[in-house]
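Below is one structure, written out as structure tokens, with a few remarks after it.
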Amino acid sequence: MRKEFDLFFRFIFLILFVLLFSPSLAGNRLPETIIRVGILENVYSANLSAAGGFEVIDLGTGRHAKLKKSSIYLVLAASEGIRIGDEIFGPALRFKSLSDNEMLRVNGRRYRDGIKISLNNKGNLNVINELGIEGYLYGVMTREVSPEWPIEALKAQAVVSRTYVMKNLGKYDKEGFDLSATITSQVYGGGEAEDPRTSKAVDLTRGQVITYEGELIKSFFHSNCGGRTEDVTNAWEGEQPFPYLKGVVCYFCKKTHQYYWEKTIKKKMLTEKLNENGYSVEEIKKIKILGRSSSGRVTYLKIYHGGGRLKIRGNAFRMLMGPNIIKSTLFAMEHMGNRIKFYGRGWGHGVGMCQWGAKGMAERGANYRQILRYYYPKTKIEKWED
Ligand SMILES: [Zn+2]
């Protein structure tokens, strides 16, 4: 009973403390959407540390425990709950750094704000970074663009990435998080991936997103369009047509090393790749382009092989050969004996903003609003309120 009273008074004191001091402590930090990013999924253990020490909160019992500075704690999945050192906690824990200037580290990598670790239904750990959306964007930007790029191109990317995140919140709700740190969402590198220039672009566009008729847009983007961006309905089956994703001519990405590409592949290799991916084909004889979209990209291919013919979507063919080998579906072919030479333009699916084009526009003096209006026509940039 005494212990409970003690806890109660500590709680009251904490509330008073927060009420009295939070305006000054919080500085000018404004409220923002908190997102949950899965950084480790289904692992047996994780190492946690923070240079200024950290605390753990058991989300089941409310118990708080402080963990020492500069010690690395091994957090383990156990049958009775989650084990930290000699102690067993419940199945869901939240960790916070005790110092504003020091981020928590998970397996040596720094992450902003909080970490939640919980047991999943397989008895392993899911490690989730819970953080404000702007801090999340700091950790995404350098994976998408170079910090050396003109600031207006970086700002355009910040708004595109923010829109993408907001639109995809809750995508992995079943697993207990909003986004995955890997390529399936946007590649998130945590504190290690931050750069002052890209973070500045995030700050300068704080809260801004792209909308169409009051809704967040599907802010697709890609590296280099090769001269024309693609209508979303040509890129993937089942996509809704949107006036802002019809594709535009792009003059701005041409002077980049990524604009032209070529790759020569043995027919034998093509046959193997198709079979590995579930298409039953015999020795490939020739490949014919069946059709092209309005942007010039290959819509369908016909593959003539020893056992017959196979019709395949251009995009599906690219993905199974490897998106960094066949860099785009804007290609032509040349048959050369037992090999086929593919040569094309651009890198990526071609839908939405062309990143190298955005850079080119910024170098010609365009601001980020002009860049975004160019690649997503008929849209607006708005400050998004929850
Ligand atoms: Zn382009």
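To be explicit about the labels: the chains of the structure tokens are called A, B, and onward in the order shown, and within each one the residues are counted from 1, while ligands get numbers from 1 in the order they are shown.
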Taking only C-alpha atoms into account, produce a table as a tab-separated table in which each residue of stretch 29-59 of chain A with an atom at most 12 Å from an atom of stretch 156-168 of chain A appears once, together with its shortest atom pair and the distance in Å to one decimal, ordered by chain and rising number.
residue	atom	partner	partner_atom	distance
A:Glu32	CA	A:Met166	CA	11.5
A:Thr33	CA	A:Met166	CA	8.9
A:Ile34	CA	A:Met166	CA	10.5
A:Ile35	CA	A:Val165	CA	8.9
A:Arg36	CA	A:Val165	CA	10.8
A:Val37	CA	A:Val165	CA	10.5
Worksheet item: Which residues form the shell of 9 Å around ligand 1 when you count only C-alpha atoms and all ligand atoms, given as a PyMOL selection string?
Response: chain A and resi 222-229+248-254+259+346+350+353-358+360
Same residues, C-alpha atoms, output as a compact mmCIF listing (two decimals), in the first residue's frame:
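File produced: selection_28.txt:
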# COMPACT_ATOMS: atom_id res chain seq x y z
CA HIS A 222 11.59 7.48 -59.21
CA SER A 223 15.22 8.22 -60.00
CA ASN A 224 15.25 9.22 -63.67
CA CYS A 225 12.40 9.20 -66.17
CA GLY A 226 14.45 9.05 -69.37
CA GLY A 227 12.57 11.97 -70.93
CA ARG A 228 8.93 11.33 -70.10
CA THR A 229 7.15 10.24 -66.92
CA VAL A 248 4.66 14.70 -68.38
CA VAL A 249 7.53 15.43 -70.74
CA CYS A 250 10.71 15.95 -68.72
CA TYR A 251 13.61 17.93 -70.19
CA PHE A 252 15.56 18.14 -66.97
CA CYS A 253 17.13 14.75 -66.31
CA LYS A 254 18.93 14.32 -69.61
CA TYR A 259 19.94 8.80 -68.51
CA GLY A 346 15.94 6.30 -67.31
CA GLY A 350 8.80 6.45 -64.26
CA MET A 353 8.35 12.91 -59.73
CA CYS A 354 11.59 12.36 -61.61
CA GLN A 355 14.24 12.96 -58.91
CA TRP A 356 17.06 13.84 -61.32
CA GLY A 357 14.58 16.03 -63.18
CA ALA A 358 13.75 17.83 -59.93
CA GLY A 360 17.74 19.75 -63.04
Worksheet entry | stretch 146-330 of chain A: residues DSSP assigns to alpha helix (DSSP H), reported as an MDAnalysis selection string | chainID A and resid 151:168 196:204 232:235 267:276 314:321
Those same residues, written as a compact mmCIF listing (two decimals), in the first residue's frame with C-alpha atoms?
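The result, stored in selection-v1.txt:
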# COMPACT_ATOMS: atom_id res chain seq x y z
CA ILE A 151 18.02 22.93 -51.61
CA GLU A 152 14.82 23.39 -53.70
CA ALA A 153 15.18 19.83 -55.06
CA LEU A 154 15.71 18.57 -51.50
CA LYS A 155 12.61 20.45 -50.34
CA ALA A 156 10.58 18.88 -53.18
CA GLN A 157 11.75 15.42 -52.04
CA ALA A 158 10.89 16.24 -48.40
CA VAL A 159 7.29 17.14 -49.35
CA VAL A 160 6.98 14.05 -51.57
CA SER A 161 8.34 11.75 -48.85
CA ARG A 162 6.13 13.32 -46.16
CA THR A 163 3.06 12.86 -48.38
CA TYR A 164 4.07 9.25 -49.00
CA VAL A 165 4.37 8.53 -45.28
CA MET A 166 1.08 10.18 -44.35
CA LYS A 167 -0.70 8.30 -47.13
CA ASN A 168 0.72 4.95 -46.01
CA PRO A 196 22.17 18.77 -41.87
CA ARG A 197 21.29 19.85 -45.43
CA THR A 198 18.56 17.29 -46.00
CA SER A 199 17.21 17.89 -42.47
CA LYS A 200 17.06 21.61 -43.25
CA ALA A 201 14.91 20.83 -46.32
CA VAL A 202 12.56 18.89 -44.00
CA ASP A 203 12.42 21.83 -41.55
CA LEU A 204 11.80 24.40 -44.30
CA VAL A 232 0.26 5.26 -63.43
CA THR A 233 -2.35 3.06 -65.14
CA ASN A 234 0.30 1.85 -67.61
CA ALA A 235 2.81 1.00 -64.91
CA LYS A 267 19.45 -15.98 -73.55
CA LYS A 268 20.31 -18.87 -71.24
CA MET A 269 20.32 -16.49 -68.29
CA LEU A 270 16.97 -15.02 -69.33
CA THR A 271 15.51 -18.54 -69.53
CA GLU A 272 16.82 -19.37 -66.04
CA LYS A 273 15.46 -16.18 -64.51
CA LEU A 274 12.00 -16.75 -65.94
CA ASN A 275 11.93 -20.33 -64.62
CA GLU A 276 13.19 -19.25 -61.19
CA GLY A 314 7.06 -5.17 -69.37
CA ASN A 315 7.17 -4.18 -65.72
CA ALA A 316 6.97 -7.79 -64.50
CA PHE A 317 9.81 -8.72 -66.87
CA ARG A 318 11.94 -5.86 -65.51
CA MET A 319 11.35 -6.82 -61.87
CA LEU A 320 12.20 -10.48 -62.34
CA MET A 321 15.36 -9.72 -64.32
Worksheet item: If you run DSSP on the backbone, which residues of stretch 154-381 of chain A are strand (DSSP E or B), as a PyMOL selection string?
Response: chain A and resi 172+177+179-180+208-212+215-216+221-222+224+228+230+249+260-266+284-292+298-305+308-313+331-336+339-345+347+351+353-354+380-381
Discussion item. Would you compute the distance between atom CA of A:Val187 and atom CA of A:Gly352? Give it in Å to one decimal.
Written reply: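 Interatomic distance, atom CA of A:Val187 to atom CA of A:Gly352: 18.1 Å.
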Worksheet item: Which residue gives the smallest distance to A:Glu382 among A:Leu310, A:Leu216, A:Val298, A:Val351, with only C-alpha atoms counted?
Response: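 Smallest separation from A:Glu382 among the options: A:Leu216.
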